[in-house]
Amino acid sequence: MARTLKPVDAVIVGMGFTGAIVAKELTDVGLNVVVLERGPDHETATTARAPQVFDELKFDSRGKLLQQLNLETVTFRHAYNERAVPMRRQGAFLLGNGTGGAGFHWSGMHWRALATDLTHRSTVVDRYGQNFIPEGMQIQDFGVTYDELEPFFTHFEEVCGVSGQAGNIQGRKIDGGNPFEAPRSKDYPQKPLPYAYASALFDKAARELGFHPFPAPASNSSGHYTNPYGVEMGQCTLCGFCNDFGCYVSAKASPQSTILPVLRQRANFELRTDSHVTRVNLDSSRTRATGVTYVNAAGEEVIQPADMVMLTAFQLHNVRLMLLSGIGKPYDMQSGTGVVGRNFCYQFMGGSQVIMPKGTYLNPFASAGAAAACIDDFNGANFDHGPLGFIGGAGIWHNKSGGRPITQTSPMPGSPAWGSGWKRGMAEGYQRMTAITSHGSVQPYRDVFLDLDPIYRDAYGNPLIRVTLNWHENEFKMSQYTSEQTARIGRAMGAETVTLTNMRPGTVFDTTYYQTTHTTGGAIMGDDPTTSAVNRYLQSWDVPNVFVYGSSAFPQNMGYNPTGTVGALAYWSTHHIKQNYLRNPGPLVQQ
């Protein structure tokens, strides 16, 4: 029989960035908060201690910071009438595990959504008409505007000590920044990171072609920095060990380097690791959560009662918990009804492989996770889609985040598979080969969704989350067009050869190789409870004392990494919880 604990004001499921933000905001106003994290406790001084952290086999090849798929995984299929099969190895995306979540092992790309990303459907219809949207595409507005989120974008950037160059401060355009960004209230907290050599070549070439290059906004600290919470961050050493690793000098923003040091000192905050939540518990009316049930490290089932339940786990896990708990109506593809599992999206990657002339020394080892040169000329609504016949776009950038010998090095094309020829090919490839990326948006479709697998279960006997996903014509068109722009830049860089790497029409989704960890949707936000699972404040329409955070709220995926927008939405939601919900618990938006 499960053991029941003393009630708390709020229980938070997951100790990544959103869990840390929500815990900080709620403990600020005196609430007693418990955070349940399924994995172990990671701290910079232990998990990211140098030189042990520079173990590429442990962290990169063998996924020390990642979820154990023998306990819980994800199943995949391409179509509704197929049987799904489980992912046995970390592949297309990397599921984090432990304190910090994906925020501990991420690269540091810290983007704000474009203003038109948040009003996506309205923008498309206003410019091109309703008929421009293909049948079966389910794009929606977020239900919140850029102007409403701007203060929260700014605050999250200050918490993370983002390094960057503003392009638009209060409507004033600034040379060297992104001319397509919406007005920001102030500059980035820190100056941009220095470019790697290949990124400098990209910047010069893009400028010569008439594009508008700028340095990526990076949660890799370009200097010594103290954030608004009084937490100090070190200066990035350009060691090239960002993505898949913790940062040994606390220069990469993570919950450990930005928020957790404050939370750990608070008496009204408790973190319980190795605590795997299996259900959100509901009362007999099914309209109020009473807490959660979890399994602790000893295998004991425990009930944690709480007045509020905050789902801050990874996107897939949030949706799975809602489905397991009966929160919201599950999405049904055949009827097109239901909301939980609807509008699952991924990222559509393309670009070019660039080989520079013999004698070039790119020295990729001196870089950081987000030390990138970028253009937004072909992102979002920044260009005319009318003659092109597709919706969406891509951020285009050069981002060689390091030169690690195992996972970030490839031999020159045509090199032997072994021996001295292979060694020569590796040496040449290390210094001469690089890539320009088309980081493409993905639109939602009626036949792409999440639900519970009827066959496969996790170690606790609960159904796994099932992903039904395949690519659509719109994304192939978008990627072909944006990848061609990367090839133009590669040739302008003086490359010896440029080869397109975008997926060709008819390619099916492949789980076996890494693409991005930017999965979105499944518990999307909006103004209509028939097409969204949570309202504009990330509050469940059906169970008002449940709030659901992270990229599960995105109605579709944009041409950016999601973290900056995820953090801003978490601050936006908790602001309204403190201002309104705590004074009068109940729905923040009336149906």
# chains A, B, ... in the order shown; residues from 1 in each chain; ligands from 1
>>> residues_around(residues="Thr312 of chain A", least_positions_apart="2", cutoff="10 Å", atoms="only C-alpha atoms", output="list in words")
Ile12, Val13, Gly14, Met15, Gly16, Phe17, Thr18, Gly19, Ala20, Ile21, Val22, Val35, Leu36, Glu37, Val309, Met310, Phe314, Gln315, His317, Asn318, Phe547, Val548, Tyr549, Gly550, Ser551, Ser552 and Ala570 of chain A
>>> write_last_selection(atoms="N, CA and C atoms", output="PDB file, in the first residue's frame")
ATOM      1  N   ILE A  12       6.124  19.752  -7.754  1.00  0.00           N
ATOM      2  CA  ILE A  12       6.657  20.017  -9.084  1.00  0.00           C
ATOM      3  C   ILE A  12       7.283  18.726  -9.596  1.00  0.00           C
ATOM      4  N   VAL A  13       6.934  18.341 -10.822  1.00  0.00           N
ATOM      5  CA  VAL A  13       7.409  17.077 -11.389  1.00  0.00           C
ATOM      6  C   VAL A  13       8.484  17.386 -12.425  1.00  0.00           C
ATOM      7  N   GLY A  14       9.746  17.228 -12.034  1.00  0.00           N
ATOM      8  CA  GLY A  14      10.857  17.460 -12.943  1.00  0.00           C
ATOM      9  C   GLY A  14      11.708  18.638 -12.515  1.00  0.00           C
ATOM     10  N   MET A  15      13.047  18.432 -12.439  1.00  0.00           N
ATOM     11  CA  MET A  15      13.943  19.484 -11.960  1.00  0.00           C
ATOM     12  C   MET A  15      14.849  19.980 -13.077  1.00  0.00           C
ATOM     13  N   GLY A  16      14.248  20.356 -14.214  1.00  0.00           N
ATOM     14  CA  GLY A  16      14.977  21.041 -15.265  1.00  0.00           C
ATOM     15  C   GLY A  16      14.801  22.538 -15.123  1.00  0.00           C
ATOM     16  N   PHE A  17      14.959  23.257 -16.233  1.00  0.00           N
ATOM     17  CA  PHE A  17      14.844  24.712 -16.181  1.00  0.00           C
ATOM     18  C   PHE A  17      13.469  25.163 -15.707  1.00  0.00           C
ATOM     19  N   THR A  18      12.395  24.591 -16.282  1.00  0.00           N
ATOM     20  CA  THR A  18      11.068  25.065 -15.883  1.00  0.00           C
ATOM     21  C   THR A  18      10.776  24.699 -14.431  1.00  0.00           C
ATOM     22  N   GLY A  19      11.217  23.517 -13.993  1.00  0.00           N
ATOM     23  CA  GLY A  19      11.023  23.152 -12.590  1.00  0.00           C
ATOM     24  C   GLY A  19      11.726  24.118 -11.655  1.00  0.00           C
ATOM     25  N   ALA A  20      12.950  24.513 -12.013  1.00  0.00           N
ATOM     26  CA  ALA A  20      13.703  25.455 -11.186  1.00  0.00           C
ATOM     27  C   ALA A  20      13.035  26.818 -11.175  1.00  0.00           C
ATOM     28  N   ILE A  21      12.567  27.281 -12.347  1.00  0.00           N
ATOM     29  CA  ILE A  21      11.894  28.586 -12.415  1.00  0.00           C
ATOM     30  C   ILE A  21      10.638  28.590 -11.565  1.00  0.00           C
ATOM     31  N   VAL A  22       9.798  27.567 -11.741  1.00  0.00           N
ATOM     32  CA  VAL A  22       8.539  27.519 -10.994  1.00  0.00           C
ATOM     33  C   VAL A  22       8.809  27.419  -9.497  1.00  0.00           C
ATOM     34  N   VAL A  35       9.928  19.251  -5.065  1.00  0.00           N
ATOM     35  CA  VAL A  35      10.237  18.898  -6.449  1.00  0.00           C
ATOM     36  C   VAL A  35      10.633  17.430  -6.495  1.00  0.00           C
ATOM     37  N   LEU A  36      10.014  16.695  -7.400  1.00  0.00           N
ATOM     38  CA  LEU A  36      10.302  15.280  -7.589  1.00  0.00           C
ATOM     39  C   LEU A  36      11.036  15.100  -8.908  1.00  0.00           C
ATOM     40  N   GLU A  37      12.253  14.586  -8.834  1.00  0.00           N
ATOM     41  CA  GLU A  37      13.080  14.367 -10.016  1.00  0.00           C
ATOM     42  C   GLU A  37      13.363  12.879 -10.148  1.00  0.00           C
ATOM     43  N   VAL A 309      -0.348  21.074  -8.683  1.00  0.00           N
ATOM     44  CA  VAL A 309       0.583  20.151  -9.337  1.00  0.00           C
ATOM     45  C   VAL A 309       1.135  20.844 -10.569  1.00  0.00           C
ATOM     46  N   MET A 310       2.459  20.910 -10.649  1.00  0.00           N
ATOM     47  CA  MET A 310       3.126  21.597 -11.749  1.00  0.00           C
ATOM     48  C   MET A 310       3.939  20.563 -12.545  1.00  0.00           C
ATOM     49  N   PHE A 314      10.220  16.799 -19.187  1.00  0.00           N
ATOM     50  CA  PHE A 314      10.441  16.943 -20.623  1.00  0.00           C
ATOM     51  C   PHE A 314       9.108  16.855 -21.358  1.00  0.00           C
ATOM     52  N   GLN A 315       9.051  17.437 -22.514  1.00  0.00           N
ATOM     53  CA  GLN A 315       7.808  17.543 -23.286  1.00  0.00           C
ATOM     54  C   GLN A 315       7.063  16.214 -23.393  1.00  0.00           C
ATOM     55  N   HIS A 317       7.300  13.555 -21.554  1.00  0.00           N
ATOM     56  CA  HIS A 317       6.898  13.045 -20.242  1.00  0.00           C
ATOM     57  C   HIS A 317       5.684  13.804 -19.697  1.00  0.00           C
ATOM     58  N   ASN A 318       5.614  15.115 -19.943  1.00  0.00           N
ATOM     59  CA  ASN A 318       4.432  15.876 -19.536  1.00  0.00           C
ATOM     60  C   ASN A 318       3.169  15.309 -20.169  1.00  0.00           C
ATOM     61  N   PHE A 547      -0.768  22.839 -13.786  1.00  0.00           N
ATOM     62  CA  PHE A 547      -0.127  23.698 -14.775  1.00  0.00           C
ATOM     63  C   PHE A 547       0.946  22.873 -15.486  1.00  0.00           C
ATOM     64  N   VAL A 548       1.041  23.065 -16.811  1.00  0.00           N
ATOM     65  CA  VAL A 548       1.903  22.212 -17.630  1.00  0.00           C
ATOM     66  C   VAL A 548       2.891  23.099 -18.402  1.00  0.00           C
ATOM     67  N   TYR A 549       4.192  22.886 -18.178  1.00  0.00           N
ATOM     68  CA  TYR A 549       5.221  23.784 -18.700  1.00  0.00           C
ATOM     69  C   TYR A 549       6.051  23.099 -19.782  1.00  0.00           C
ATOM     70  N   GLY A 550       6.880  23.912 -20.431  1.00  0.00           N
ATOM     71  CA  GLY A 550       7.810  23.365 -21.417  1.00  0.00           C
ATOM     72  C   GLY A 550       7.292  23.458 -22.834  1.00  0.00           C
ATOM     73  N   SER A 551       8.036  22.865 -23.761  1.00  0.00           N
ATOM     74  CA  SER A 551       7.690  22.956 -25.175  1.00  0.00           C
ATOM     75  C   SER A 551       6.484  22.106 -25.538  1.00  0.00           C
ATOM     76  N   SER A 552       5.938  21.324 -24.615  1.00  0.00           N
ATOM     77  CA  SER A 552       4.670  20.634 -24.863  1.00  0.00           C
ATOM     78  C   SER A 552       3.557  21.633 -25.149  1.00  0.00           C
ATOM     79  N   ALA A 570       7.346  30.092 -18.737  1.00  0.00           N
ATOM     80  CA  ALA A 570       7.293  29.686 -17.331  1.00  0.00           C
ATOM     81  C   ALA A 570       7.207  30.909 -16.419  1.00  0.00           C
TER      82      ALA A 570
END
>>> residues_around(residues="Thr512 of chain A", least_positions_apart="3", cutoff="12 Å", atoms="only C-alpha atoms", output="ChimeraX atom specification")
/A:76,86-94,508-509,515
>>> write_last_selection(atoms="N, CA and C atoms", output="mmCIF file, in the first residue's frame")
data_model
loop_
_atom_site.group_PDB
_atom_site.id
_atom_site.type_symbol
_atom_site.label_atom_id
_atom_site.label_comp_id
_atom_site.auth_asym_id
_atom_site.auth_seq_id
_atom_site.Cartn_x
_atom_site.Cartn_y
_atom_site.Cartn_z
ATOM 1 N N PHE A 76 7.733 4.250 -31.586
ATOM 2 C CA PHE A 76 7.567 5.026 -32.818
ATOM 3 C C PHE A 76 6.868 4.216 -33.891
ATOM 4 N N PRO A 86 9.741 0.091 -29.952
ATOM 5 C CA PRO A 86 10.411 0.941 -28.969
ATOM 6 C C PRO A 86 11.806 1.392 -29.402
ATOM 7 N N MET A 87 12.187 2.590 -28.958
ATOM 8 C CA MET A 87 13.541 3.096 -29.152
ATOM 9 C C MET A 87 14.426 2.472 -28.089
ATOM 10 N N ARG A 88 15.401 1.662 -28.512
ATOM 11 C CA ARG A 88 16.262 0.927 -27.583
ATOM 12 C C ARG A 88 17.550 1.683 -27.266
ATOM 13 N N ARG A 89 17.919 2.630 -28.137
ATOM 14 C CA ARG A 89 19.102 3.455 -27.906
ATOM 15 C C ARG A 89 18.726 4.909 -28.115
ATOM 16 N N GLN A 90 19.387 5.812 -27.383
ATOM 17 C CA GLN A 90 19.181 7.231 -27.604
ATOM 18 C C GLN A 90 19.553 7.532 -29.052
ATOM 19 N N GLY A 91 18.640 8.157 -29.774
ATOM 20 C CA GLY A 91 18.869 8.361 -31.190
ATOM 21 C C GLY A 91 18.526 9.759 -31.647
ATOM 22 N N ALA A 92 17.335 9.908 -32.257
ATOM 23 C CA ALA A 92 16.955 11.170 -32.880
ATOM 24 C C ALA A 92 17.009 12.329 -31.900
ATOM 25 N N PHE A 93 16.624 12.096 -30.666
ATOM 26 C CA PHE A 93 16.723 13.115 -29.624
ATOM 27 C C PHE A 93 17.234 12.467 -28.350
ATOM 28 N N LEU A 94 17.730 13.293 -27.428
ATOM 29 C CA LEU A 94 18.396 12.799 -26.226
ATOM 30 C C LEU A 94 17.580 13.179 -25.001
ATOM 31 N N VAL A 508 11.686 8.902 -44.906
ATOM 32 C CA VAL A 508 10.851 8.701 -43.720
ATOM 33 C C VAL A 508 11.624 9.124 -42.474
ATOM 34 N N PHE A 509 10.896 9.450 -41.428
ATOM 35 C CA PHE A 509 11.519 9.819 -40.165
ATOM 36 C C PHE A 509 12.354 8.654 -39.643
ATOM 37 N N GLN A 515 19.228 14.226 -34.365
ATOM 38 C CA GLN A 515 18.829 15.395 -35.154
ATOM 39 C C GLN A 515 18.748 16.624 -34.237
#
>>> residues_around(residues="Ala553 of chain A", least_positions_apart="6", cutoff="9 Å", atoms="only C-alpha atoms", output="VMD selection string")
chain A and resid 142 315 520 to 526 532 to 534 538 566
>>> atom_distance(atom1="atom CA of Val467 of chain A", atom2="atom CA of Asn561 of chain A")
20.5 Å
>>> residues_around(residues="segment 347-364 of chain A", least_positions_apart="4", cutoff="8 Å", atoms="only C-alpha atoms", output="PyMOL selection string")
chain A and resi 196-198+400-403+428+430-442+475+479-480+482-484+486-487+490+494-503+515-516+518-519+557-559
>>> residues_around(residues="Gly171 of chain A", least_positions_apart="6", cutoff="12 Å", atoms="only C-alpha atoms", output="ChimeraX atom specification")
/A:179-186
>>> select_by_dssp(residues="segment 470-569 of chain A", states="strand (DSSP E)", output="list of chain:residue names")
A:Thr497, A:Val498, A:Thr499, A:Leu500, A:Val546, A:Phe547, A:Val548
>>> write_last_selection(atoms="N, CA, C and O atoms", output="mmCIF file, in the first residue's frame")
data_model
loop_
_atom_site.group_PDB
_atom_site.id
_atom_site.type_symbol
_atom_site.label_atom_id
_atom_site.label_comp_id
_atom_site.auth_asym_id
_atom_site.auth_seq_id
_atom_site.Cartn_x
_atom_site.Cartn_y
_atom_site.Cartn_z
ATOM 1 N N THR A 497 34.383 22.269 -52.098
ATOM 2 C CA THR A 497 33.150 21.578 -52.485
ATOM 3 C C THR A 497 32.057 21.906 -51.472
ATOM 4 O O THR A 497 32.324 22.110 -50.287
ATOM 5 N N VAL A 498 30.822 21.936 -51.949
ATOM 6 C CA VAL A 498 29.638 22.138 -51.114
ATOM 7 C C VAL A 498 28.621 21.074 -51.504
ATOM 8 O O VAL A 498 28.290 20.934 -52.690
ATOM 9 N N THR A 499 28.108 20.335 -50.510
ATOM 10 C CA THR A 499 27.158 19.258 -50.770
ATOM 11 C C THR A 499 25.918 19.458 -49.912
ATOM 12 O O THR A 499 26.022 19.571 -48.680
ATOM 13 N N LEU A 500 24.756 19.518 -50.550
ATOM 14 C CA LEU A 500 23.509 19.637 -49.791
ATOM 15 C C LEU A 500 23.286 18.392 -48.937
ATOM 16 O O LEU A 500 23.544 17.267 -49.379
ATOM 17 N N VAL A 546 -3.711 22.217 -12.053
ATOM 18 C CA VAL A 546 -2.579 21.597 -12.749
ATOM 19 C C VAL A 546 -2.079 22.579 -13.812
ATOM 20 O O VAL A 546 -2.870 23.078 -14.624
ATOM 21 N N PHE A 547 -0.768 22.839 -13.786
ATOM 22 C CA PHE A 547 -0.127 23.698 -14.775
ATOM 23 C C PHE A 547 0.946 22.873 -15.486
ATOM 24 O O PHE A 547 1.668 22.091 -14.842
ATOM 25 N N VAL A 548 1.041 23.065 -16.811
ATOM 26 C CA VAL A 548 1.903 22.212 -17.630
ATOM 27 C C VAL A 548 2.891 23.099 -18.402
ATOM 28 O O VAL A 548 2.471 23.946 -19.197
#
